[in-house]
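Colleague: Pasting upload.txt below, which is compact mmCIF, C-alpha atoms.
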# COMPACT_ATOMS: atom_id res chain seq x y z
CA MET A 292 -52.44 -22.86 -9.99
CA ASN A 293 -53.35 -21.07 -6.77
CA ALA A 294 -51.06 -18.72 -4.82
CA THR A 295 -50.18 -21.28 -2.12
CA HIS A 296 -49.29 -23.91 -4.69
CA LYS A 297 -47.10 -21.40 -6.54
CA LYS A 298 -45.38 -20.44 -3.28
CA VAL A 299 -44.62 -24.08 -2.45
CA CYS A 300 -43.30 -24.65 -5.96
CA ASN A 301 -41.05 -21.60 -5.69
CA ARG A 302 -39.70 -22.73 -2.33
CA ALA A 303 -39.11 -26.26 -3.66
CA CYS A 304 -37.25 -24.83 -6.65
CA ARG A 305 -35.14 -22.67 -4.36
CA VAL A 306 -34.31 -25.62 -2.10
CA LEU A 307 -33.47 -27.76 -5.13
CA PHE A 308 -31.29 -25.01 -6.58
CA GLY A 309 -29.55 -24.57 -3.22
CA ALA A 310 -28.96 -28.29 -2.96
CA MET A 311 -27.52 -28.33 -6.47
CA LEU A 312 -25.22 -25.43 -5.63
CA PHE A 313 -24.10 -27.12 -2.44
CA GLY A 314 -23.53 -30.33 -4.36
CA VAL A 315 -21.45 -28.59 -6.98
CA PHE A 316 -19.39 -26.62 -4.51
CA SER A 317 -18.78 -29.53 -2.18
CA LEU A 318 -17.63 -31.88 -4.96
CA PRO A 319 -13.95 -30.91 -4.75
CA ALA A 320 -14.05 -31.42 -1.00
CA LEU A 321 -15.45 -34.88 -1.43
CA GLY A 322 -13.11 -35.75 -4.27
CA GLN A 323 -9.50 -36.72 -3.86
CA ASN A 324 -7.32 -33.80 -4.71
CA PRO A 325 -3.62 -34.54 -4.37
CA ARG A 326 -2.73 -30.85 -4.71
CA LEU A 327 -1.59 -29.60 -1.31
CA ASP A 328 -2.25 -26.11 -0.10
CA ILE A 329 1.43 -25.21 0.14
CA LYS A 330 0.53 -21.56 0.66
CA ASN A 331 -0.40 -22.63 4.19
CA LEU A 332 3.31 -22.56 4.92
CA GLU A 333 3.58 -18.89 4.01
CA PRO A 334 3.72 -17.65 7.64
CA LEU A 335 6.98 -19.58 7.97
CA ALA A 336 8.51 -17.16 5.45
CA LYS A 337 8.83 -14.57 8.20
CA LYS A 338 11.24 -16.84 10.09
CA ALA A 339 13.21 -17.88 7.00
CA ALA A 340 16.24 -16.31 5.42
CA GLU A 341 15.22 -17.38 1.92
CA VAL A 342 12.09 -18.84 0.37
CA VAL A 343 12.07 -20.60 -2.98
CA ASP A 344 8.98 -21.67 -4.90
CA VAL A 345 9.00 -23.79 -8.03
CA ASN A 346 5.81 -24.32 -10.02
CA LEU A 347 5.89 -26.80 -12.82
CA ASP A 348 2.28 -27.29 -13.70
CA GLY A 349 0.73 -29.31 -16.50
CA SER A 350 1.57 -27.04 -19.41
CA LEU A 351 5.11 -26.37 -18.20
CA LEU A 352 5.65 -30.10 -17.73
CA ARG A 353 4.46 -30.70 -21.27
CA LEU A 354 6.97 -28.11 -22.40
CA ALA A 355 9.64 -29.80 -20.34
CA SER A 356 8.88 -33.16 -21.92
CA LYS A 357 9.56 -31.69 -25.37
CA PHE A 358 13.23 -31.30 -24.67
CA MET A 359 13.77 -34.50 -22.70
CA THR A 360 15.19 -36.34 -25.66
CA ASP A 361 18.48 -37.72 -24.31
CA GLU A 362 18.87 -41.37 -23.42
CA ASP A 363 19.26 -40.36 -19.75
CA ASP A 364 16.05 -38.39 -19.84
CA ARG A 365 13.92 -41.18 -21.24
CA GLU A 366 12.83 -42.58 -17.88
CA GLY A 367 12.31 -39.09 -16.50
CA LEU A 368 10.11 -38.36 -19.50
CA ALA A 369 8.11 -41.51 -18.84
CA ILE A 370 7.34 -40.18 -15.37
CA ILE A 371 6.56 -36.58 -16.13
CA LYS A 372 4.44 -37.10 -19.24
CA ASN A 373 1.48 -38.20 -17.10
CA LEU A 374 1.99 -35.72 -14.30
CA LYS A 375 -0.27 -32.76 -13.73
CA GLY A 376 2.18 -30.73 -11.73
CA ILE A 377 5.25 -30.55 -9.53
CA TYR A 378 5.24 -27.90 -6.83
CA VAL A 379 8.16 -27.22 -4.53
CA LYS A 380 8.44 -24.85 -1.62
CA SER A 381 11.75 -24.57 0.16
CA PHE A 382 12.78 -22.49 3.16
CA THR A 383 16.34 -21.80 4.22
CA PHE A 384 16.96 -20.62 7.75
CA ASP A 385 19.86 -18.78 9.35
CA LYS A 386 20.38 -21.26 12.15
CA PRO A 387 19.04 -24.57 13.47
CA GLY A 388 15.94 -24.17 15.59
CA ASP A 389 14.55 -21.25 13.60
CA TYR A 390 11.57 -23.43 12.76
CA THR A 391 9.84 -26.14 14.75
CA THR A 392 7.87 -29.24 13.91
CA ALA A 393 4.75 -27.26 14.81
CA ASP A 394 5.48 -25.00 11.84
CA VAL A 395 5.31 -28.00 9.52
CA GLU A 396 1.90 -28.98 10.86
CA ALA A 397 0.16 -26.79 8.26
CA ILE A 398 1.24 -29.33 5.68
CA ARG A 399 1.30 -32.48 7.82
CA SER A 400 -2.31 -31.93 8.85
CA GLN A 401 -3.35 -32.07 5.19
CA LEU A 402 -1.65 -35.43 4.90
CA GLN A 403 -3.42 -37.05 7.85
CA THR A 404 -6.66 -37.56 5.91
CA PRO A 405 -7.38 -41.13 4.71
CA PRO A 406 -6.49 -40.89 0.99
CA TRP A 407 -2.96 -39.99 2.06
CA SER A 408 -0.70 -42.54 3.66
CA ARG A 409 2.86 -42.18 4.82
CA ILE A 410 5.08 -44.72 3.13
CA VAL A 411 8.50 -43.54 4.27
CA SER A 412 9.73 -41.83 7.37
CA ALA A 413 13.51 -41.66 7.55
CA ARG A 414 15.63 -39.81 10.07
CA SER A 415 19.36 -39.32 10.07
CA ARG A 416 20.78 -39.19 13.56
CA HIS A 417 24.01 -37.86 12.10
CA ASP A 418 22.74 -34.63 10.56
CA GLY A 419 19.23 -34.42 12.01
CA GLU A 420 17.59 -34.68 8.61
CA THR A 421 14.16 -36.23 8.36
CA THR A 422 12.37 -37.27 5.21
CA GLU A 423 8.73 -38.22 4.98
CA VAL A 424 7.06 -39.49 1.85
CA TYR A 425 3.29 -39.63 1.56
CA LEU A 426 1.18 -41.15 -1.19
CA MET A 427 -2.37 -40.54 -2.21
CA THR A 428 -3.91 -43.59 -3.81
CA ALA A 429 -7.32 -44.24 -5.29
CA GLY A 430 -8.56 -46.75 -2.73
CA GLU A 431 -6.61 -49.58 -1.13
CA GLY A 432 -3.73 -50.49 -3.43
CA GLY A 433 -5.21 -48.36 -6.18
CA ASN A 434 -3.49 -46.05 -8.62
CA ILE A 435 -1.22 -43.39 -7.23
CA LEU A 436 -2.87 -39.99 -7.55
CA GLY A 437 -0.16 -37.88 -6.02
CA MET A 438 2.77 -37.66 -3.69
CA ALA A 439 4.09 -35.37 -1.00
CA ILE A 440 7.64 -35.25 0.29
CA ILE A 441 8.69 -33.34 3.38
CA CYS A 442 12.45 -32.93 3.80
CA ALA A 443 13.39 -31.29 7.05
CA GLU A 444 17.00 -30.40 7.78
CA PRO A 445 18.14 -28.25 10.69
CA LYS A 446 18.46 -25.19 8.47
CA GLU A 447 16.28 -26.13 5.53
CA LEU A 448 12.74 -27.28 4.99
CA SER A 449 11.44 -28.45 1.62
CA VAL A 450 7.96 -29.58 0.68
CA VAL A 451 7.43 -31.25 -2.67
CA ASN A 452 3.99 -32.00 -4.07
CA ILE A 453 3.78 -34.18 -7.14
CA VAL A 454 0.30 -34.32 -8.65
CA GLY A 455 -0.57 -37.16 -10.99
CA PRO A 456 0.24 -40.84 -11.41
CA ILE A 457 3.82 -41.73 -10.50
CA ASP A 458 5.78 -44.88 -11.08
CA MET A 459 7.47 -45.31 -7.70
CA ASP A 460 10.27 -47.42 -9.17
CA LYS A 461 11.28 -44.58 -11.44
CA LEU A 462 10.91 -41.77 -8.94
CA SER A 463 14.64 -41.77 -8.24
CA LYS A 464 15.14 -40.47 -11.80
CA LEU A 465 13.61 -37.18 -10.73
CA GLU A 466 15.69 -36.78 -7.57
CA GLY A 467 17.77 -33.64 -7.70
CA LYS A 468 15.79 -32.37 -10.70
CA MET A 469 12.93 -29.90 -11.03
CA GLY A 470 13.52 -28.70 -7.48
CA ILE A 471 12.93 -32.16 -6.03
CA PRO A 472 15.51 -32.82 -3.30
CA ARG A 473 17.60 -35.95 -3.30
CA LEU A 474 16.03 -38.53 -1.06
CA GLY A 475 19.12 -40.72 -0.84
CA GLU A 476 22.07 -40.02 1.42
CA ASP A 477 24.71 -37.85 -0.26
CA GLY A 478 22.82 -37.86 -3.47
CA LYS A 479 22.93 -41.60 -3.85
CA GLU A 480 19.93 -42.97 -5.66
CA SER A 481 17.25 -44.41 -3.49
CA SER A 482 13.71 -45.50 -4.11
CA PRO A 483 11.26 -45.01 -1.28
CA LYS A 484 10.00 -48.38 -0.15
CA PRO A 485 6.59 -48.89 1.35
CA GLU A 486 7.66 -49.37 4.92
CA GLY A 487 6.84 -47.66 8.14
CA HIS A 488 9.84 -46.01 9.65
CA HIS A 489 13.56 -46.37 9.33
CA GLU A 490 16.55 -44.47 10.48
CA LYS A 491 19.55 -43.50 8.47
CA PRO A 492 22.82 -44.28 10.23
CA MET B 570 3.26 -13.61 -69.51
CA ARG B 571 3.33 -16.66 -67.25
CA ASN B 572 6.84 -15.76 -66.07
CA ARG B 573 5.73 -12.27 -65.26
CA SER B 574 2.76 -13.56 -63.23
CA GLU B 575 5.00 -16.00 -61.32
CA PHE B 576 7.43 -13.21 -60.60
CA ARG B 577 4.60 -10.97 -59.42
CA ASP B 578 3.23 -13.69 -57.10
CA ARG B 579 6.67 -14.34 -55.66
CA ALA B 580 7.30 -10.64 -55.18
CA LEU B 581 3.94 -10.29 -53.44
CA LEU B 582 4.75 -13.19 -51.14
CA VAL B 583 8.12 -11.68 -50.23
CA LEU B 584 6.47 -8.32 -49.63
CA VAL B 585 3.82 -9.85 -47.36
CA LEU B 586 6.52 -11.74 -45.43
CA LEU B 587 8.58 -8.60 -45.08
CA LEU B 588 5.56 -6.74 -43.80
CA LEU B 589 4.51 -9.52 -41.43
CA LEU B 590 7.87 -10.15 -39.78
CA PRO B 591 8.40 -6.65 -38.45
CA ALA B 592 4.71 -6.57 -37.49
CA ALA B 593 5.22 -9.58 -35.23
CA ALA B 594 8.32 -7.99 -33.78
CA ARG B 595 6.49 -4.71 -33.36
CA ALA B 596 3.62 -6.49 -31.55
CA ALA B 597 6.10 -8.09 -29.16
CA ASP B 598 7.75 -4.72 -28.64
CA ARG B 599 4.40 -3.08 -27.99
CA GLU B 600 3.53 -5.73 -25.43
CA PHE B 601 6.84 -5.26 -23.63
CA HIS B 602 6.48 -1.51 -23.81
CA SER B 603 3.00 -1.76 -22.31
CA LEU B 604 4.36 -3.93 -19.50
CA VAL B 605 7.12 -1.40 -18.86
CA GLU B 606 4.47 1.32 -18.64
CA ARG B 607 2.49 -0.68 -16.10
CA MET B 608 5.66 -1.41 -14.13
CA SER B 609 6.51 2.25 -14.26
CA ALA B 610 3.14 3.13 -12.76
CA TYR B 611 3.56 0.39 -10.16
CA PHE B 612 6.97 1.60 -9.00
CA GLU B 613 6.05 5.22 -9.62
CA LYS B 614 9.33 5.63 -11.46
CA ARG B 615 10.34 6.07 -15.05
CA PRO B 616 12.77 3.44 -16.32
CA MET B 617 16.43 4.35 -16.57
CA ARG B 618 17.37 5.88 -19.90
CA PHE B 619 20.25 4.91 -22.14
CA VAL B 620 20.18 1.18 -21.37
CA GLY B 621 19.88 0.40 -25.08
CA TRP B 622 23.61 -0.28 -25.26
CA LEU B 623 23.20 -2.79 -22.39
CA ASN B 624 20.55 -4.61 -24.42
CA PHE B 625 22.88 -4.53 -27.40
CA VAL B 626 25.77 -6.01 -25.42
CA ALA B 627 23.55 -8.55 -23.66
CA ASN B 628 22.17 -9.78 -26.99
CA ARG B 629 25.64 -10.23 -28.44
CA PHE B 630 27.36 -11.88 -25.53
CA THR B 631 24.55 -13.96 -24.13
CA SER B 632 24.77 -17.69 -23.52
CA GLU B 633 23.69 -20.14 -26.19
CA GLY B 634 19.96 -20.65 -26.60
CA VAL B 635 19.05 -17.24 -25.21
CA SER B 636 18.13 -14.39 -27.52
CA HIS B 637 15.96 -11.28 -27.96
CA ILE B 638 16.91 -9.89 -24.58
CA GLN B 639 15.03 -6.77 -23.61
CA MET B 640 15.86 -5.15 -20.35
CA VAL B 641 14.60 -2.23 -18.33
CA ILE B 642 15.97 -0.88 -15.06
CA PHE B 643 14.01 1.13 -12.55
CA ASP B 644 16.53 2.67 -10.21
CA ASP B 645 16.02 4.28 -6.86
CA ILE B 646 12.57 2.81 -6.29
CA ASP B 647 10.79 3.25 -2.98
CA THR B 648 10.25 -0.34 -1.86
CA SER B 649 8.45 0.81 1.27
CA ARG B 650 5.49 1.71 -0.98
CA LEU B 651 5.23 -1.82 -2.37
CA PRO B 652 2.55 -4.19 -1.02
CA PRO B 653 3.50 -6.39 1.94
CA ASP B 654 5.34 -9.65 1.19
CA GLU B 655 2.22 -11.83 1.28
CA GLU B 656 0.43 -9.65 -1.32
CA PHE B 657 3.42 -8.67 -3.40
CA GLU B 658 3.53 -11.72 -5.65
CA SER B 659 -0.17 -11.62 -6.55
CA SER B 660 -0.01 -7.89 -7.25
CA LEU B 661 2.90 -8.47 -9.60
CA GLU B 662 1.10 -11.32 -11.32
CA ARG B 663 -1.88 -9.08 -11.98
CA LEU B 664 0.51 -6.56 -13.48
CA ILE B 665 2.22 -9.08 -15.74
CA GLY B 666 -0.99 -10.68 -16.94
CA PRO B 667 -2.27 -14.24 -17.20
CA SER B 668 -0.33 -15.21 -20.32
CA TYR B 669 2.79 -15.79 -18.21
CA GLN B 670 2.92 -18.61 -15.70
CA PRO B 671 4.86 -18.27 -12.46
CA PHE B 672 7.80 -20.64 -12.65
CA VAL B 673 10.37 -19.88 -9.96
CA ARG B 674 10.28 -17.44 -7.09
CA VAL B 675 13.30 -16.73 -4.90
CA HIS B 676 12.72 -14.37 -1.98
CA ASP B 677 15.63 -13.29 0.18
CA VAL B 678 13.61 -12.44 3.26
CA ARG B 679 16.43 -10.74 5.18
CA GLY B 680 17.65 -8.59 2.30
CA GLY B 681 14.16 -8.00 0.92
CA ASP B 682 15.21 -9.12 -2.56
CA TRP B 683 12.76 -10.79 -4.89
CA ASN B 684 13.49 -12.73 -8.00
CA LEU B 685 10.41 -13.87 -9.88
CA ILE B 686 10.56 -15.83 -13.08
CA TYR B 687 7.58 -16.24 -15.36
CA ILE B 688 7.37 -18.24 -18.52
CA ARG B 689 5.18 -18.84 -21.54
CA GLU B 690 5.43 -20.88 -24.68
CA THR B 691 5.83 -19.08 -27.97
CA ARG B 692 4.74 -20.21 -31.40
CA GLU B 693 8.24 -21.12 -32.51
CA GLU B 694 8.59 -24.00 -30.03
CA SER B 695 10.66 -21.83 -27.76
CA PHE B 696 9.88 -20.07 -24.53
CA GLU B 697 9.62 -16.53 -23.44
CA MET B 698 10.97 -15.83 -20.01
CA LEU B 699 10.27 -12.81 -17.92
CA ILE B 700 12.52 -12.11 -14.95
CA VAL B 701 11.57 -9.51 -12.39
CA SER B 702 14.39 -8.87 -9.97
CA ILE B 703 13.88 -6.40 -7.16
CA ASP B 704 16.25 -5.38 -4.41
CA SER B 705 15.97 -2.67 -1.79
CA THR B 706 16.55 0.15 -4.28
CA ASP B 707 16.27 -1.10 -7.87
CA ALA B 708 14.09 -3.28 -10.04
CA VAL B 709 15.21 -5.00 -13.21
CA LEU B 710 12.80 -6.40 -15.78
CA ILE B 711 14.27 -8.78 -18.33
CA LYS B 712 12.41 -10.48 -21.15
CA MET B 713 14.13 -13.06 -23.30
CA GLN B 714 13.56 -15.91 -25.69
CA VAL B 715 14.86 -19.25 -24.46
CA LYS B 716 15.33 -22.18 -26.80
CA PRO B 717 14.35 -25.66 -25.59
CA ASP B 718 17.99 -26.70 -25.06
CA ALA B 719 18.62 -23.77 -22.75
CA MET B 720 15.27 -24.31 -21.05
CA HIS B 721 16.41 -27.82 -20.18
CA GLU B 722 18.82 -26.41 -17.60
CA TRP B 723 16.07 -24.29 -16.07
CA VAL B 724 13.76 -27.25 -15.60
CA ASP B 725 16.55 -29.49 -14.31
CA GLU B 726 17.75 -27.02 -11.73
CA PRO B 727 15.12 -24.32 -11.31
CA VAL B 728 16.27 -23.29 -7.83
CA LYS B 729 19.91 -22.88 -8.82
CA LYS B 730 19.05 -21.06 -12.04
CA GLY B 731 16.58 -18.84 -10.19
CA ARG B 732 19.29 -17.86 -7.73
CA ASP B 733 21.83 -17.38 -10.53
CA SER B 734 19.49 -15.08 -12.44
CA ARG B 735 19.27 -12.88 -9.35
CA TYR B 736 23.00 -12.44 -9.43
CA SER B 737 22.92 -11.87 -13.22
CA ALA B 738 20.33 -9.13 -12.77
CA ASN B 739 22.54 -7.62 -10.07
CA ASP B 740 25.34 -7.33 -12.64
CA PHE B 741 23.24 -4.90 -14.66
CA ARG B 742 22.45 -2.63 -11.74
Give the structure from the file, written as structure tokens.
Modeller:
Amino acid sequence: MNATHKKVCNRACRVLFGAMLFGVFSLPALGQNPRLDIKNLEPLAKKAAEVVDVNLDGSLLRLASKFMTDEDDREGLAIIKNLKGIYVKSFTFDKPGDYTTADVEAIRSQLQTPPWSRIVSARSRHDGETTEVYLMTAGEGGNILGMAIICAEPKELSVVNIVGPIDMDKLSKLEGKMGIPRLGEDGKESSPKPEGHHEKP
Amino acid sequence: MRNRSEFRDRALLVLVLLLLLPAAARAADREFHSLVERMSAYFEKRPMRFVGWLNFVANRFTSEGVSHIQMVIFDDIDTSRLPPDEEFESSLERLIGPSYQPFVRVHDVRGGDWNLIYIRETREESFEMLIVSIDSTDAVLIKMQVKPDAMHEWVDEPVKKGRDSRYSANDFR
């Protein structure tokens, strides 16, 4: 093998290795990851009076499922046993107007990409509360991979990220639990329905 | 002869158990002690002395499902020397170690109070909870065993319990 041949081989190997590295590192970007980068909201903490984070990841959820033995918990257990994580970030503000819709863009922008679709957008004219529910599905009408809920009240903003397959009909069983806000008015049970936009009275 | 050998085996077993139990407790104590040392270096303060009686009282009058409470108070800490808010949590996590998972974090931005709750599963199907509560002058470190029944409340209402634990830690200050 002459020197030129060896040089070409070396370069080819380097290119191939580089391509492999690029392929490996770009896989997560190409894949569908329903885990939101909630830390993007961190700058909002400076405007808030209180910030609360709840992390219930896979192993903690498995722990949680061990003590969900009551009759009431059975449906909740059916939901969480397949989940990979529930992540909640909640901000409380001193007064209305301390945060703007632009502040929420850090999260909303992550939900504009195709695997995510907004299934609920509800706004209460009475108390100025808006709720948006987004789903990530594997293809058109495919399995649910994850969910994001944005609850914006005048003095409170909560972002919930549920990672893993969710049975939408049973989601209401988790409302008000594990840091997930109640989606229904006054704590009444409600299941998000796949519709565009509706207003609460 | 056979009776004597059975008795000897049983005695040996009891002896091994007796030796093992305190060893496990001692290991847990050593781990907590090591964490206290690291915290002490972090806050550049020695923990308050004579809080043993507080641990004693807390262990006797604690709510059901909670046991093995160990508590340390660092008073008069200089919070201005702590890392900025955005780095504080990660610096604390490095200090605590990877065996604990962050569970709930409550940060009172105005008052500068932090309440961070970490958790890990123990061998006995229960959980070990670590609460780090810091206000403008003091820091309280609480470690406790939480049985599944008591843990149920934490998972159901983590935000409320996280806030409540801040007030509980305040009671000890």
Colleague: Could you jot down the CA of Val454 (chain A) to CA of Leu347 (chain A) separation for me, Å, one decimal place?
Modeller: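 So the answer is 10.3 Å.
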Colleague: When the cut-off is 9 Å and we count only C-alpha atoms, which residues of chain B are near chain A, given as a CSV table (one decimal) with C-alpha atoms, in the coordinates of the input?
Modeller:
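File produced: result-v5.csv:
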chain,number,residue,atom,x,y,z
B,655,GLU,CA,2.2,-11.8,1.3
B,670,GLN,CA,2.9,-18.6,-15.7
B,671,PRO,CA,4.9,-18.3,-12.5
B,672,PHE,CA,7.8,-20.6,-12.6
B,673,VAL,CA,10.4,-19.9,-10.0
B,674,ARG,CA,10.3,-17.4,-7.1
B,675,VAL,CA,13.3,-16.7,-4.9
B,676,HIS,CA,12.7,-14.4,-2.0
B,677,ASP,CA,15.6,-13.3,0.2
B,678,VAL,CA,13.6,-12.4,3.3
B,679,ARG,CA,16.4,-10.7,5.2
B,680,GLY,CA,17.6,-8.6,2.3
B,688,ILE,CA,7.4,-18.2,-18.5
B,689,ARG,CA,5.2,-18.8,-21.5
B,690,GLU,CA,5.4,-20.9,-24.7
B,694,GLU,CA,8.6,-24.0,-30.0
B,696,PHE,CA,9.9,-20.1,-24.5
B,717,PRO,CA,14.4,-25.7,-25.6
B,718,ASP,CA,18.0,-26.7,-25.1
B,720,MET,CA,15.3,-24.3,-21.0
B,721,HIS,CA,16.4,-27.8,-20.2
B,723,TRP,CA,16.1,-24.3,-16.1
B,724,VAL,CA,13.8,-27.2,-15.6
B,725,ASP,CA,16.6,-29.5,-14.3
B,726,GLU,CA,17.8,-27.0,-11.7
B,727,PRO,CA,15.1,-24.3,-11.3
B,728,VAL,CA,16.3,-23.3,-7.8
B,729,LYS,CA,19.9,-22.9,-8.8
B,731,GLY,CA,16.6,-18.8,-10.2
Colleague: Please compute the CA of Thr648 (chain B)-CA of Asp733 (chain B) distance, one decimal, in Å.
Modeller: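 Rounded to one decimal, the two atoms are 22.4 Å apart.
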Colleague: Would you work out the distance separating CA of Ala397 (chain A) from CA of Val450 (chain A), expressed in Å to one decimal?
Modeller: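 So the answer is 11.2 Å.
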Colleague: Of the candidates A:Gly430, A:Asn331, A:Val411, A:Ala369, which shows the shortest atom-to-atom distance to Arg399 (chain A), using all atoms listed in the file?
Modeller: A:Asn331
Colleague: As a PyMOL selection string, please: the residues near Leu664 (chain B) (cut-off 10 Å, all atoms listed in the file, same-chain neighbours under 2 positions excluded).
Modeller: chain B and resi 604-605+607-608+611+658-662+666-667
